[in-house]
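Trainee: Provided herewith: protein.txt, compact mmCIF, C-alpha atoms.
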```txt
# COMPACT_ATOMS: atom_id res chain seq x y z
CA MET A 738 0.00 0.00 0.00
CA SER A 739 1.15 3.51 -0.74
CA ASN A 740 0.54 4.82 2.77
CA GLY A 741 3.63 3.10 4.16
CA VAL A 742 1.67 0.48 6.08
CA ASP A 743 1.52 -3.03 4.67
CA GLU A 744 -1.64 -5.02 4.32
CA SER A 745 -1.21 -7.28 7.32
CA MET A 746 -0.45 -4.28 9.53
CA MET A 747 -3.55 -2.55 8.13
CA ALA A 748 -5.62 -5.52 9.29
CA VAL A 749 -4.19 -5.15 12.79
CA LEU A 750 -4.80 -1.42 12.72
CA HIS A 751 -8.42 -1.91 11.65
CA ALA A 752 -8.91 -4.45 14.42
CA TYR A 753 -7.48 -1.91 16.85
CA VAL A 754 -9.83 0.85 15.64
CA ASP A 755 -12.76 -1.56 15.84
CA GLY A 756 -11.95 -2.57 19.41
CA GLU A 757 -11.08 -6.11 18.40
CA LEU A 758 -7.57 -6.18 19.86
CA ASP A 759 -7.06 -6.93 23.48
CA GLY A 760 -4.39 -7.96 25.91
CA PRO A 761 -0.93 -8.53 24.46
CA ALA A 762 -1.95 -7.87 20.84
CA ARG A 763 -3.18 -4.44 21.80
CA ALA A 764 -0.05 -3.65 23.81
CA ASP A 765 2.14 -4.79 20.91
CA PHE A 766 0.31 -2.59 18.48
CA GLU A 767 0.47 0.44 20.74
CA ALA A 768 4.20 -0.07 21.26
CA ARG A 769 4.73 -0.18 17.51
CA LEU A 770 2.46 2.81 17.02
CA ARG A 771 4.65 5.00 19.24
CA GLN A 772 7.62 4.40 16.95
CA ASP A 773 5.95 4.53 13.56
CA PRO A 774 4.78 7.92 12.24
CA ALA A 775 3.32 6.37 9.09
CA LEU A 776 1.19 4.08 11.22
CA GLN A 777 0.11 7.04 13.35
CA ARG A 778 -1.02 8.95 10.27
CA VAL A 779 -3.03 6.03 8.97
CA LEU A 780 -4.56 5.46 12.39
CA VAL A 781 -5.75 9.07 12.56
CA ARG A 782 -7.26 8.72 9.12
CA GLU A 783 -9.11 5.54 10.07
CA GLN A 784 -10.33 7.03 13.32
CA ARG A 785 -11.68 10.03 11.43
CA LEU A 786 -13.57 7.78 9.07
CA HIS A 787 -15.04 5.90 12.01
CA GLU A 788 -16.05 9.16 13.65
CA ALA A 789 -17.53 10.55 10.45
CA LEU A 790 -19.67 7.47 9.92
CA GLY A 791 -20.91 7.66 13.48
CA LEU A 792 -21.75 11.33 13.17
CA ALA A 793 -23.42 10.88 9.82
CA TYR A 794 -26.00 8.38 10.97
CA ALA A 795 -26.41 9.37 14.62
CA PRO A 796 -29.23 11.86 13.88
CA VAL A 797 -31.46 8.99 12.74
CA LEU A 798 -31.56 7.82 16.36
CA ASP A 799 -33.16 11.08 17.44
CA GLU A 800 -35.84 11.19 14.76
CA PRO A 801 -39.38 10.67 15.98
CA LEU A 802 -40.46 7.10 15.36
CA PRO A 803 -43.13 6.66 12.69
CA ALA A 804 -46.37 5.50 14.27
CA ARG A 805 -46.65 2.65 11.76
CA LEU A 806 -43.53 1.13 13.33
CA THR A 807 -44.40 1.65 16.98
CA ASP A 808 -47.95 0.41 16.29
CA LEU A 809 -46.52 -2.91 15.17
CA LEU A 810 -45.22 -3.54 18.63
CA THR A 811 -48.17 -2.28 20.57
CA LYS A 812 -50.94 -3.93 18.59
CA PRO A 813 -51.13 -7.09 16.52
CA GLN A 814 -51.15 -6.57 12.79
CA ALA A 815 -51.21 -8.59 9.61
CA ALA A 816 -47.89 -9.53 8.09
CA VAL A 817 -46.49 -7.45 5.27
CA LEU A 818 -44.32 -9.46 2.97
CA SER A 819 -42.84 -6.93 0.60
CA ILE A 820 -42.04 -3.26 0.45
CA ALA A 821 -44.49 -2.84 -2.40
CA GLN A 822 -47.20 -4.27 -0.20
CA ALA A 823 -46.19 -2.09 2.72
CA ARG A 824 -46.31 0.91 0.46
CA ALA A 825 -49.67 -0.08 -0.94
CA GLU A 826 -51.09 -0.51 2.54
CA ARG A 827 -49.62 2.76 3.67
CA GLY A 828 -51.16 4.43 0.66
CA GLN A 829 -54.64 3.29 1.59
CA GLY A 830 -56.94 6.17 2.37
CA PHE A 831 -54.84 8.22 0.03
CA GLY A 832 -55.58 5.96 -2.88
CA ARG A 833 -58.41 5.85 -5.31
CA THR A 834 -61.47 5.42 -3.16
CA TRP A 835 -64.58 7.51 -3.45
CA SER A 836 -64.18 8.88 0.04
CA TYR A 837 -60.80 10.17 -1.05
CA TRP A 838 -62.11 11.98 -4.08
CA GLY A 839 -65.10 13.17 -2.09
CA GLY A 840 -62.75 14.55 0.55
CA ILE A 841 -60.82 16.45 -2.08
CA ALA A 842 -63.96 17.94 -3.53
CA ALA A 843 -65.10 19.03 -0.09
CA SER A 844 -61.72 20.50 0.66
CA LEU A 845 -61.61 22.44 -2.60
CA VAL A 846 -65.07 23.80 -2.01
CA LEU A 847 -64.10 24.85 1.48
CA GLY A 848 -61.00 26.51 0.14
CA VAL A 849 -62.91 28.48 -2.43
CA VAL A 850 -65.89 29.43 -0.33
CA LEU A 851 -64.32 30.11 3.01
CA GLY A 852 -60.96 31.37 1.98
CA ARG A 853 -59.02 32.21 5.09
CA GLN A 854 -61.86 33.72 7.03
CA LEU A 855 -62.50 30.82 9.32
CA LEU A 856 -59.00 29.46 9.36
CA PRO A 857 -55.91 30.46 11.30
CA PRO A 858 -53.50 32.45 9.18
CA SER A 859 -50.38 30.39 9.80
CA PRO A 860 -49.56 27.62 9.31
CA ASP A 861 -52.27 27.51 6.73
CA ALA A 862 -54.82 24.94 7.83
CA ASN A 863 -56.25 25.12 4.33
CA LEU A 864 -53.06 23.67 2.98
CA ALA A 865 -51.55 21.57 5.64
CA LEU A 866 -52.31 19.19 8.39
CA ALA A 867 -49.92 18.44 11.21
CA VAL A 868 -48.71 14.87 11.02
CA ASP A 869 -46.08 13.62 13.48
CA GLY A 870 -45.07 17.17 14.22
CA SER A 871 -44.50 18.14 10.61
CA LEU A 872 -46.94 19.32 8.02
CA ALA A 873 -48.55 17.08 5.46
CA ALA A 874 -50.33 18.63 2.52
CA GLN A 875 -54.13 18.62 2.72
CA ALA A 876 -56.07 16.90 0.00
CA GLY A 877 -56.65 19.98 -2.17
CA LEU A 878 -53.01 20.92 -2.22
CA ALA A 879 -51.95 17.29 -2.50
CA MET A 880 -54.17 16.76 -5.54
CA ALA A 881 -52.83 19.83 -7.29
CA LEU A 882 -49.26 18.70 -6.60
CA ASP A 883 -50.07 15.16 -7.69
CA GLU A 884 -51.89 15.98 -10.89
CA GLN A 885 -50.96 19.39 -12.23
CA LEU A 886 -47.92 20.34 -14.25
CA SER A 887 -46.17 23.59 -13.45
CA GLY A 888 -48.34 26.58 -14.17
CA GLN A 889 -51.59 24.57 -14.32
CA ARG A 890 -53.96 25.89 -11.75
CA LEU A 891 -56.28 23.63 -9.81
CA GLY A 892 -58.63 25.24 -7.31
CA ALA A 893 -56.55 27.79 -5.46
CA ILE A 894 -53.26 26.06 -6.14
CA THR A 895 -50.80 26.54 -8.96
CA PRO A 896 -47.70 24.35 -8.82
CA GLY A 897 -44.52 26.21 -9.73
CA LEU A 898 -41.06 24.68 -9.95
CA SER A 899 -40.49 20.96 -9.62
CA PHE A 900 -37.12 19.49 -8.78
CA VAL A 901 -35.33 16.59 -7.20
CA ALA A 902 -33.98 17.38 -3.76
CA LYS A 903 -30.76 16.06 -2.36
CA GLY A 904 -31.72 12.70 -0.95
CA GLY A 905 -33.82 11.92 -3.99
CA ALA A 906 -37.34 13.10 -3.19
CA TYR A 907 -39.36 15.21 -5.59
CA CYS A 908 -40.20 18.68 -4.33
CA ARG A 909 -42.54 21.24 -5.83
CA SER A 910 -43.13 24.87 -5.13
CA PHE A 911 -46.63 26.26 -5.41
CA VAL A 912 -48.66 29.40 -5.09
CA SER A 913 -51.93 29.32 -3.21
CA GLU A 914 -54.44 32.03 -3.85
CA GLY A 915 -57.36 32.72 -1.63
CA ASP A 916 -58.33 36.00 -0.03
CA SER A 917 -54.68 36.22 0.85
CA ALA A 918 -51.98 34.45 -1.06
CA SER A 919 -49.06 32.31 -0.02
CA ALA A 920 -46.20 30.50 -1.66
CA GLY A 921 -44.80 27.26 -0.41
CA LEU A 922 -42.64 24.26 -0.96
CA ALA A 923 -43.66 20.64 -0.46
CA CYS A 924 -41.60 17.49 -0.81
CA ARG A 925 -42.72 13.98 -1.47
CA ASP A 926 -42.51 11.78 1.60
CA GLY A 927 -43.95 8.34 1.04
CA ALA A 928 -47.55 8.74 -0.03
CA GLN A 929 -47.72 12.34 1.14
CA TRP A 930 -46.53 15.76 0.23
CA ARG A 931 -44.85 17.26 3.22
CA LEU A 932 -44.87 21.00 3.55
CA ARG A 933 -41.36 22.34 3.92
CA GLN A 934 -42.04 26.04 3.74
CA LEU A 935 -45.00 28.38 3.52
CA LEU A 936 -44.68 32.13 3.14
CA PRO A 937 -47.31 34.84 2.78
CA LEU A 938 -47.28 36.65 -0.54
CA PRO A 939 -47.91 40.38 -0.80
CA ALA A 940 -51.13 41.31 -2.55
CA ALA A 941 -50.71 41.47 -6.31
CA PRO A 942 -50.46 45.13 -7.27
CA GLY A 943 -53.52 46.53 -8.96
CA GLY A 944 -55.35 43.40 -9.82
CA SER A 945 -56.45 39.91 -9.38
CA PRO A 946 -53.99 37.42 -7.95
CA GLN A 947 -54.96 35.15 -10.80
CA PHE A 948 -52.47 36.98 -12.97
CA ARG A 949 -49.53 35.83 -10.97
CA THR A 950 -47.32 33.43 -12.80
CA ALA A 951 -46.15 30.31 -11.10
CA ALA A 952 -42.44 31.06 -11.11
CA THR A 953 -42.18 34.83 -10.84
CA ALA A 954 -44.41 35.04 -7.80
CA LEU A 955 -42.03 33.07 -5.63
CA PRO A 956 -40.37 35.08 -2.87
CA ALA A 957 -36.58 35.26 -2.76
CA GLU A 958 -36.47 33.34 0.49
CA LEU A 959 -38.28 30.44 -1.10
CA LEU A 960 -36.10 30.50 -4.21
CA GLN A 961 -33.03 30.40 -2.01
CA ARG A 962 -34.41 27.42 -0.12
CA ILE A 963 -35.04 25.67 -3.42
CA ASP A 964 -31.48 26.32 -4.52
CA GLU A 965 -30.18 24.85 -1.28
CA LEU A 966 -32.33 21.77 -1.61
CA ARG A 967 -32.24 20.96 -5.25
CA GLU A 968 -30.03 18.50 -7.01
CA GLY A 969 -29.58 19.49 -10.62
CA ASP A 970 -31.97 21.57 -12.68
CA THR A 971 -35.67 22.03 -12.20
CA LEU A 972 -37.80 19.61 -14.21
CA ASP A 973 -39.16 20.54 -17.59
CA ALA A 974 -42.69 19.65 -18.62
CA GLU A 975 -41.68 16.27 -20.03
CA ALA A 976 -39.76 15.33 -16.90
CA GLU A 977 -42.75 16.43 -14.83
CA ARG A 978 -45.04 14.21 -16.87
CA GLN A 979 -42.74 11.25 -16.28
CA ALA A 980 -42.53 11.98 -12.58
CA ARG A 981 -46.29 12.31 -12.39
CA ALA A 982 -46.72 8.97 -14.17
CA ARG A 983 -44.63 7.37 -11.44
CA GLY A 984 -46.68 9.00 -8.71
CA TRP A 985 -43.79 11.34 -7.91
CA HIS A 986 -41.71 8.46 -6.68
CA ARG A 987 -38.26 7.84 -8.03
CA MET B 995 -38.45 -13.79 28.71
CA SER B 996 -42.08 -13.28 27.77
CA ILE B 997 -43.28 -12.29 24.32
CA GLU B 998 -44.38 -8.99 25.78
CA ASP B 999 -40.87 -8.33 27.13
CA LEU B 1000 -39.43 -9.15 23.73
CA ARG B 1001 -41.82 -6.81 21.97
CA HIS B 1002 -40.77 -4.14 24.40
CA ARG B 1003 -37.10 -4.80 23.70
CA ILE B 1004 -37.68 -4.73 19.95
CA ALA B 1005 -39.47 -1.40 20.37
CA GLU B 1006 -36.42 -0.07 22.18
CA LEU B 1007 -34.26 -1.16 19.25
CA LEU B 1008 -36.39 0.65 16.64
CA PRO B 1009 -34.09 3.69 16.44
CA ARG B 1010 -31.11 1.45 15.73
CA LEU B 1011 -33.07 -0.64 13.24
CA ARG B 1012 -34.00 2.56 11.42
CA ARG B 1013 -30.38 3.65 11.41
CA PHE B 1014 -29.17 0.34 10.02
CA ALA B 1015 -31.96 0.36 7.45
CA ARG B 1016 -30.87 3.81 6.32
CA THR B 1017 -27.52 2.33 5.31
CA VAL B 1018 -29.11 -0.70 3.67
CA ALA B 1019 -31.85 0.98 1.64
CA TRP B 1020 -31.34 4.42 0.19
CA LYS B 1021 -34.52 6.30 0.43
CA PRO B 1022 -35.78 7.01 3.94
CA GLU B 1023 -39.25 5.72 3.02
CA ASP B 1024 -37.75 2.46 1.73
CA ALA B 1025 -35.72 2.24 4.92
CA ASP B 1026 -38.79 2.48 7.12
CA ASP B 1027 -40.63 -0.04 4.94
CA LEU B 1028 -37.69 -2.33 5.49
CA VAL B 1029 -37.86 -1.81 9.26
CA GLN B 1030 -41.56 -2.58 9.14
CA MET B 1031 -40.97 -5.80 7.23
CA THR B 1032 -38.20 -6.75 9.63
CA VAL B 1033 -40.31 -6.25 12.72
CA GLU B 1034 -43.20 -8.15 11.20
CA ARG B 1035 -41.00 -11.08 10.25
CA ALA B 1036 -39.38 -11.00 13.68
CA LEU B 1037 -42.74 -11.09 15.44
CA LYS B 1038 -43.83 -14.05 13.36
CA ALA B 1039 -40.63 -15.93 14.14
CA ILE B 1040 -40.17 -14.68 17.65
CA ASP B 1041 -39.97 -18.20 19.08
CA GLN B 1042 -36.80 -18.69 17.03
CA TRP B 1043 -34.83 -16.09 18.89
CA GLN B 1044 -32.56 -17.76 21.41
CA GLU B 1045 -32.23 -16.32 24.84
CA GLY B 1046 -28.63 -15.41 25.58
CA THR B 1047 -27.95 -14.30 22.00
CA ARG B 1048 -28.03 -10.68 20.90
CA LEU B 1049 -31.46 -9.49 19.87
CA ASP B 1050 -30.01 -6.67 17.76
CA SER B 1051 -27.89 -9.09 15.70
CA TRP B 1052 -30.89 -11.33 15.18
CA LEU B 1053 -32.99 -8.40 13.93
CA PHE B 1054 -30.19 -7.12 11.70
CA ARG B 1055 -29.94 -10.57 10.14
CA ILE B 1056 -33.67 -10.63 9.48
CA MET B 1057 -33.37 -7.20 7.91
CA LYS B 1058 -30.49 -8.24 5.70
CA ASN B 1059 -32.49 -11.23 4.49
CA ALA B 1060 -35.59 -9.11 3.95
CA TRP B 1061 -33.53 -6.73 1.85
CA ILE B 1062 -32.11 -9.54 -0.27
CA ASP B 1063 -35.66 -10.83 -0.82
CA GLU B 1064 -36.75 -7.34 -1.72
CA LEU B 1065 -33.96 -6.99 -4.29
CA ARG B 1066 -34.96 -10.30 -5.82
CA ALA B 1067 -38.61 -9.31 -5.87
CA ARG B 1068 -37.86 -6.07 -7.61
CA GLY B 1069 -35.58 -7.80 -10.04
CA ARG B 1070 -34.24 -4.45 -11.12
CA ARG B 1071 -31.16 -3.49 -9.26
CA ASP B 1072 -30.99 0.00 -10.67
CA GLU B 1073 -34.18 0.82 -8.88
CA VAL B 1074 -32.58 0.45 -5.49
CA LEU B 1075 -29.23 2.05 -6.14
CA ALA B 1076 -28.73 5.59 -4.98
CA PRO B 1077 -28.73 8.22 -7.67
CA GLU B 1078 -25.18 8.77 -8.86
CA GLU B 1079 -25.40 12.50 -8.52
CA ALA B 1080 -26.20 12.26 -4.83
CA GLY B 1081 -22.58 12.73 -3.88
CA GLU B 1082 -21.68 15.72 -5.95
CA HIS B 1083 -22.82 18.47 -3.63
CA VAL B 1084 -20.56 18.51 -0.68
CA GLY B 1085 -20.19 22.22 -0.06
CA VAL B 1086 -23.86 23.07 0.28
CA ASN B 1087 -24.98 26.08 2.21
CA GLU B 1088 -26.03 24.25 5.35
CA THR B 1089 -24.55 23.48 8.72
CA GLY B 1090 -21.29 21.63 8.99
CA SER B 1091 -22.89 18.50 10.31
CA LEU B 1092 -25.19 18.32 7.33
CA ILE B 1093 -22.21 18.59 5.02
CA THR B 1094 -20.64 15.62 6.76
CA ARG B 1095 -23.83 13.63 6.61
CA LEU B 1096 -24.46 14.21 2.94
CA SER B 1097 -20.97 13.39 1.90
CA VAL B 1098 -20.68 10.26 4.03
CA GLU B 1099 -24.07 8.97 2.96
CA SER B 1100 -23.37 9.51 -0.68
CA ALA B 1101 -20.00 7.80 -0.36
CA MET B 1102 -21.68 4.87 1.40
CA ALA B 1103 -24.20 4.75 -1.41
CA ARG B 1104 -21.43 3.91 -3.83
CA LEU B 1105 -20.18 0.88 -1.98
CA PRO B 1106 -21.28 -2.55 -3.13
CA ASP B 1107 -24.02 -3.96 -0.87
CA GLU B 1108 -21.79 -6.48 0.84
CA GLN B 1109 -19.12 -3.93 1.76
CA ARG B 1110 -21.65 -1.34 2.82
CA LEU B 1111 -23.42 -3.75 5.17
CA ALA B 1112 -20.11 -4.81 6.71
CA VAL B 1113 -19.07 -1.18 7.24
CA SER B 1114 -22.45 -0.31 8.67
CA LEU B 1115 -22.58 -3.19 11.14
CA VAL B 1116 -19.09 -2.63 12.49
CA LEU B 1117 -18.40 1.08 12.10
CA VAL B 1118 -21.89 2.48 12.58
CA GLU B 1119 -23.63 -0.12 14.74
CA GLY B 1120 -20.47 -1.07 16.61
CA LEU B 1121 -20.99 -4.83 16.40
CA PRO B 1122 -18.03 -7.08 17.23
CA TYR B 1123 -16.59 -8.89 14.19
CA LYS B 1124 -18.05 -12.18 15.38
CA GLU B 1125 -21.58 -10.76 15.54
CA ALA B 1126 -21.30 -8.87 12.26
CA ALA B 1127 -20.01 -11.96 10.49
CA ALA B 1128 -22.93 -13.96 11.86
CA VAL B 1129 -25.42 -11.34 10.69
CA LEU B 1130 -24.01 -11.53 7.18
CA GLY B 1131 -23.56 -15.29 7.31
CA VAL B 1132 -19.87 -15.17 6.35
CA PRO B 1133 -16.59 -16.17 8.04
CA ILE B 1134 -14.79 -13.47 10.01
CA GLY B 1135 -12.00 -13.33 7.41
CA THR B 1136 -14.54 -12.50 4.71
CA LEU B 1137 -16.07 -9.83 6.90
CA THR B 1138 -12.72 -8.15 7.59
CA SER B 1139 -11.71 -8.16 3.95
CA ARG B 1140 -15.06 -6.58 2.97
CA LEU B 1141 -14.52 -4.05 5.72
CA ALA B 1142 -11.02 -3.25 4.50
CA ARG B 1143 -12.18 -2.75 0.91
CA GLY B 1144 -15.14 -0.67 2.03
CA ARG B 1145 -12.93 1.55 4.17
CA GLU B 1146 -10.44 2.04 1.39
CA THR B 1147 -13.16 3.13 -1.01
CA LEU B 1148 -14.76 5.46 1.54
CA GLN B 1149 -11.42 7.09 2.28
CA ARG B 1150 -10.85 7.65 -1.40
CA LEU B 1151 -14.35 9.04 -2.02
CA LEU B 1152 -14.47 11.26 1.01
CA GLY B 1153 -10.94 12.58 0.89
CA ASP B 1154 -9.20 13.55 4.10
CA GLY B 1155 -10.29 17.15 4.11
CA GLU B 1156 -14.01 16.52 3.86
CA LEU B 1157 -14.55 14.09 6.66
CA VAL B 1158 -15.01 16.01 9.85
CA ARG B 1159 -15.71 19.65 10.26
```
Reformat the file's structure so that it appears as structure tokens.
Mentor:
Amino acid sequence: MSNGVDESMMAVLHAYVDGELDGPARADFEARLRQDPALQRVLVREQRLHEALGLAYAPVLDEPLPARLTDLLTKPQAAVLSIAQARAERGQGFGRTWSYWGGIAASLVLGVVLGRQLLPPSPDANLALAVDGSLAAQAGLAMALDEQLSGQRLGAITPGLSFVAKGGAYCRSFVSEGDSASAGLACRDGAQWRLRQLLPLPAAPGGSPQFRTAATALPAELLQRIDELREGDTLDAEAERQARARGWHR
Amino acid sequence: MSIEDLRHRIAELLPRLRRFARTVAWKPEDADDLVQMTVERALKAIDQWQEGTRLDSWLFRIMKNAWIDELRARGRRDEVLAPEEAGEHVGVNETGSLITRLSVESAMARLPDEQRLAVSLVLVEGLPYKEAAAVLGVPIGTLTSRLARGRETLQRLLGDGELVR
């Protein structure tokens, strides 16, 4: 090896880093380490890799546990034999049932008729629903994000830019227009769109908010967030169609 | 130990199962599906766990097998590989820890499955060689050579300067 430590010594060094050396073998290695600067350098490098791996994945331990996992251990449940099946089951209620479509229709009607009058201004209850401490898109918003290409309005929602975020999920910006307007960003998370950002938009000068265009209406703060999140360019219409055909899963 | 105690212990291991799954499957939603499958299989076979052996190793082994079955079922390997471009953005405008996470995860994503699992079990989950080898169903010598190759690749991909901020 080019680092000045031969392969058999590397194996000992790895065992040392991994806590697999004890007693005399450990003492031997440490004695050799004191006299061998090349070995010291390689050891530091390996320890840094170990540390980096630990740091990289440690945050997963602090994430809130999805209810579907904790439920498994608190109540009996039918076996799921494949990821596709798990996904299908998870998607139930968000699938193609009449109650689903009915719920969307009701939600759109509410959005149009009530506007913001009966709803708290922020976070927008019209658009989002708290799920596990974060915000999942409500049916009206979710349907627009599911079905509409950029610039195609549905109800109060016009999707704007679509892109792939680092980590691989699709994200889409949108503009919502009721009595007041807002712009937001939602990312695909399993069967849901999860709201990542929602900002109020200033009233459109001298006219109906319907004349906003999907892209130009986005506030700078939101555009900056998109730039931080996105991987590669925003999707064109063809790429959006393909993503839509796959249910916005990659 | 009663079934109820075991369920309780498995529940306590959920965070670690999710972490291991995150290194096995790419997308977080796939990872949680994998955890779900693992727990369900474990509950069905709970009488097969032997008292005195490590419950975490047993669950990791179930997860590894579930993942292999999943790959076979999908039949299309490309579907489960991380996007190639995932590693290209190291200097993003985020906190230092996020930079580390993104770069390490994307480097891990480029390892072959067998090396990645070995690295994950030993360097992330901290399993002894003997346990990790048992999880993967290979001799210890095979485990350590996979580990060595995985480490070498990670070092090359990450580069010394990018590892820890």
Trainee: Can you work out which one of A:Gln772, A:Gln934, A:Thr971, A:Gln961 has the shortest atom-to-atom distance to chain B, counting all atoms listed in the file?
Mentor: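 Answer, going by the shortest atom-to-atom distance: A:Gln961.
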Trainee: Which value, in Å to one decimal, gives the distance between CA of Asp755 in chain A and CA of Ile1056 in chain B?
Mentor: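 Here the two named atoms are 23.7 Å from each other.
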Trainee: Please measure the separation of CA of Val912 in chain A and CA of Gly897 in chain A, giving the value in Å to one decimal.
Mentor: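 These two atoms are separated by 7.0 Å.
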Trainee: For CA of Ser1114 in chain B and CA of Thr1017 in chain B, quote the distance in Å rounded to one decimal.
Mentor: 6.6 Å
Trainee: Using all atoms listed in the file, what table do you get, as a Markdown table, when you list each residue of chain A with an atom no more than 9 Å from chain B, its nearest pair of atoms, and their distance in Å rounded to one decimal, rows by chain then rising number?
Mentor:
```
| residue | atom | partner | partner_atom | distance |
| --- | --- | --- | --- | --- |
| A:Met747 | CA | B:Ala1142 | CA | 8.3 |
| A:Ala748 | CA | B:Ala1142 | CA | 7.6 |
| A:His751 | CA | B:Ala1142 | CA | 7.7 |
| A:Ala752 | CA | B:Thr1138 | CA | 8.7 |
| A:Asp755 | CA | B:Val1116 | CA | 7.2 |
| A:Gly756 | CA | B:Pro1122 | CA | 7.9 |
| A:Glu757 | CA | B:Pro1122 | CA | 7.1 |
| A:Arg782 | CA | B:Asp1154 | CA | 7.2 |
| A:Glu783 | CA | B:Arg1145 | CA | 8.1 |
| A:Arg785 | CA | B:Leu1157 | CA | 6.9 |
| A:Leu786 | CA | B:Leu1157 | CA | 6.8 |
| A:His787 | CA | B:Leu1117 | CA | 5.9 |
| A:Glu788 | CA | B:Val1158 | CA | 7.9 |
| A:Ala789 | CA | B:Leu1157 | CA | 6.0 |
| A:Leu790 | CA | B:Val1118 | CA | 6.1 |
| A:Gly791 | CA | B:Val1118 | CA | 5.3 |
| A:Leu792 | CA | B:Arg1095 | CA | 7.3 |
| A:Ala793 | CA | B:Arg1095 | CA | 4.2 |
| A:Tyr794 | CA | B:Arg1013 | CA | 6.5 |
| A:Ala795 | CA | B:Arg1013 | CA | 7.7 |
| A:Pro796 | CA | B:Arg1013 | CA | 8.7 |
| A:Val797 | CA | B:Arg1013 | CA | 5.6 |
| A:Leu798 | CA | B:Pro1009 | CA | 4.8 |
| A:Asp799 | CA | B:Pro1009 | CA | 7.5 |
| A:Glu800 | CA | B:Pro1009 | CA | 7.9 |
| A:Pro801 | CA | B:Pro1009 | CA | 8.8 |
| A:Leu802 | CA | B:Pro1009 | CA | 7.3 |
| A:Pro803 | CA | B:Asp1026 | CA | 8.2 |
| A:Arg805 | CA | B:Gln1030 | CA | 7.8 |
| A:Leu806 | CA | B:Gln1030 | CA | 5.9 |
| A:Thr807 | CA | B:Ala1005 | CA | 6.7 |
| A:Leu809 | CA | B:Glu1034 | CA | 7.4 |
| A:Leu810 | CA | B:Arg1001 | CA | 5.8 |
| A:Thr811 | CA | B:Arg1001 | CA | 7.9 |
| A:Gln814 | CA | B:Glu1034 | CA | 8.3 |
| A:Ala815 | CA | B:Glu1034 | CA | 8.2 |
| A:Ala816 | CA | B:Glu1034 | CA | 5.8 |
| A:Val817 | CA | B:Met1031 | CA | 6.1 |
| A:Leu818 | CA | B:Met1031 | CA | 6.5 |
| A:Ser819 | CA | B:Glu1064 | CA | 6.5 |
| A:Ile820 | CA | B:Asp1027 | CA | 5.7 |
| A:Ala821 | CA | B:Asp1027 | CA | 8.8 |
| A:Ala823 | CA | B:Asp1027 | CA | 6.3 |
| A:Arg824 | CA | B:Asp1027 | CA | 7.3 |
| A:Lys903 | CA | B:Ala1080 | CA | 6.4 |
| A:Gly904 | CA | B:Ala1080 | CA | 6.8 |
| A:Gly905 | CA | B:Lys1021 | CA | 7.2 |
| A:Ala906 | CA | B:Lys1021 | CA | 8.2 |
| A:Asp926 | CA | B:Glu1023 | CA | 7.0 |
| A:Gly927 | CA | B:Glu1023 | CA | 5.7 |
| A:Glu965 | CA | B:Asn1087 | CA | 6.4 |
| A:Leu966 | CA | B:Val1086 | CA | 8.8 |
| A:Glu968 | CA | B:Ala1080 | CA | 7.6 |
| A:Gly969 | CA | B:Glu1079 | CA | 8.4 |
| A:Arg987 | CA | B:Glu1073 | CA | 8.2 |
```
